[in-house]
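Peer 1: I'd like to ask some things about the structure below.
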Amino acid sequence: MILDILSWISIAIGAFFVLVGGIGIWRMPDLFSRMHPAGIIDTAGAGFLLLGLLLQSGDWLVSVKLVLIFVFLLFTSPVATHALAHAALLDGLKPWTRRRDKARDKDGEP
């Protein structure tokens, strides 16, 4: 009974982080800013969801697979984010700044 409650709390927290991260991706102005909420979804959201599933799993093989998925996410998420940012910088994409946004407003461009 306690294990079920902890599991559902963990799943609810994970769902909350996924929802907030999804809203963050939608609200951020550029690629570099959007990578932060995407990282929140990967680490916190998926981590809590996997923890909740781990608490629900009864089989040790399923538990090992869930732990391996989490370890895989911990290693691949920062590498993928770094590669994406590096490729964007090499392609010439500049990070968003408030100064550049104000200059665009003064010119009358949308």
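Convention: chains lettered A, B, ... in structure tokens order; per-chain residue numbering from 1; ligands numbered from 1 as shown.
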Give the helix (DSSP H, G or I) residues of chain A, as assigned by DSSP on the backbone, as a PyMOL selection string.
Peer 2: chain A and resi 2-27+31-56+60-90+98-107
Peer 1: Could you give me, as a list in words, the residues within 7 Å of segment 4-7 of chain A, counting only C-alpha atoms and dropping anything in the same chain fewer than 3 positions from it?
Peer 2: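 So the residues in contact are Met1, Ser10, Ile11, Gly52, Leu53, Leu55 and Gln56 of chain A.
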Peer 1: For the selection you just gave me, I'd like the residues written to a file as a compact mmCIF listing (two decimals), in the first residue's frame, keeping N, CA and C atoms.
Peer 2:
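Dumped to part20.txt:
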# COMPACT_ATOMS: atom_id res chain seq x y z
N MET A 1 0.82 -1.19 0.00
CA MET A 1 0.00 0.00 0.00
C MET A 1 0.86 1.26 0.00
N SER A 10 5.46 9.60 -7.28
CA SER A 10 6.59 9.76 -8.17
C SER A 10 6.14 9.94 -9.62
N ILE A 11 5.17 9.17 -10.04
CA ILE A 11 4.65 9.31 -11.40
C ILE A 11 3.98 10.68 -11.59
N GLY A 52 8.78 5.78 -10.50
CA GLY A 52 7.44 5.30 -10.20
C GLY A 52 7.17 3.93 -10.81
N LEU A 53 7.63 3.74 -12.03
CA LEU A 53 7.47 2.44 -12.67
C LEU A 53 8.32 1.38 -11.98
N LEU A 55 9.06 1.28 -8.81
CA LEU A 55 8.38 0.89 -7.58
C LEU A 55 7.18 -0.02 -7.85
N GLN A 56 6.59 0.08 -9.04
CA GLN A 56 5.45 -0.77 -9.39
C GLN A 56 5.87 -2.14 -9.92
Peer 1: What gap, in Å, lies between atom CA of Ala44 of chain A and atom CA of Ala83 of chain A?
Peer 2: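 Spanning atom CA of Ala44 of chain A to atom CA of Ala83 of chain A is a straight-line distance of 20.5 Å.
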Peer 1: Could you give me, as a tab-separated table, a per-residue list for segment 59-97 of chain A showing, wherever an atom lies at most 9 Å from an atom of segment 34-42 of chain A, the closest pair of atoms and their distance in Å to one decimal, using only C-alpha atoms and sorting by chain then residue number from low to high?
Peer 2:
residue	atom	partner	partner_atom	distance
A:Leu73	CA	A:Asp42	CA	7.0
A:Leu74	CA	A:Asp42	CA	8.1
A:Ser77	CA	A:Asp42	CA	6.7
A:Pro78	CA	A:Gly39	CA	7.7
A:Thr81	CA	A:Met35	CA	6.7
A:Leu84	CA	A:Met35	CA	8.8
A:Ala85	CA	A:Met35	CA	8.3
Peer 1: Write the residues of the preceding selection, restricted to N, CA and C atoms, as a tab-separated table (two decimals), in the first residue's frame.
Peer 2:
chain	number	residue	atom	x	y	z
A	73	LEU	N	19.66	7.46	-20.24
A	73	LEU	CA	19.21	8.85	-20.36
A	73	LEU	C	20.19	9.82	-19.71
A	74	LEU	N	20.76	9.43	-18.57
A	74	LEU	CA	21.71	10.32	-17.90
A	74	LEU	C	22.97	10.56	-18.73
A	77	SER	N	21.54	12.35	-22.71
A	77	SER	CA	20.88	13.66	-22.75
A	77	SER	C	21.88	14.82	-22.78
A	78	PRO	N	22.88	14.87	-21.90
A	78	PRO	CA	23.83	15.99	-21.98
A	78	PRO	C	24.66	15.97	-23.27
A	81	THR	N	22.42	17.28	-26.10
A	81	THR	CA	22.22	18.72	-25.96
A	81	THR	C	23.46	19.49	-26.38
A	84	LEU	N	23.82	19.34	-30.19
A	84	LEU	CA	22.84	20.22	-30.83
A	84	LEU	C	23.27	21.68	-30.75
A	85	ALA	N	23.72	22.11	-29.58
A	85	ALA	CA	24.16	23.50	-29.41
A	85	ALA	C	25.40	23.78	-30.25
Peer 1: Which residues are near Val18 of chain A? Cut-off 7 Å, only C-alpha atoms, ignore same chain within fewer than 4 positions. Put them as a list in words.
Peer 2: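 The neighbour list is Gly14, Gly22, Ile41 and Gly45 of chain A.
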Peer 1: Taking into account only C-alpha atoms, which residue in the set A:Ala80, A:Ala88, A:Ile13, A:Val64 is nearest to Asp30 of chain A?
Peer 2: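 Using only C-alpha atoms, the shortest distance to Asp30 of chain A belongs to A:Ala88.
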Peer 1: Considering only C-alpha atoms, can you say which of A:Ile25, A:Leu90, A:Trp8, A:Ile2 comes closest to Leu54 of chain A?
Peer 2: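 Result for the nearest residue to Leu54 of chain A: A:Trp8.
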Peer 1: Which residues, written as a VMD selection string, have at least one atom at most 10 Å from Leu66 of chain A, with only C-alpha atoms counted and residues fewer than 5 positions away on the same chain left out?
Peer 2: chain A and resid 47 50 to 51 53 to 54 57 60 to 61 71 to 72
Peer 1: Could you state the separation of atom CA of His82 of chain A and atom CA of Pro95 of chain A in Å, given to one decimal place?
Peer 2: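 Separating atom CA of His82 of chain A from atom CA of Pro95 of chain A is a distance of 14.3 Å.
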Peer 1: How many Å separate atom CA of Gly21 of chain A from atom CA of Val62 of chain A?
Peer 2: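 Calculated distance between atom CA of Gly21 of chain A and atom CA of Val62 of chain A is 27.1 Å.
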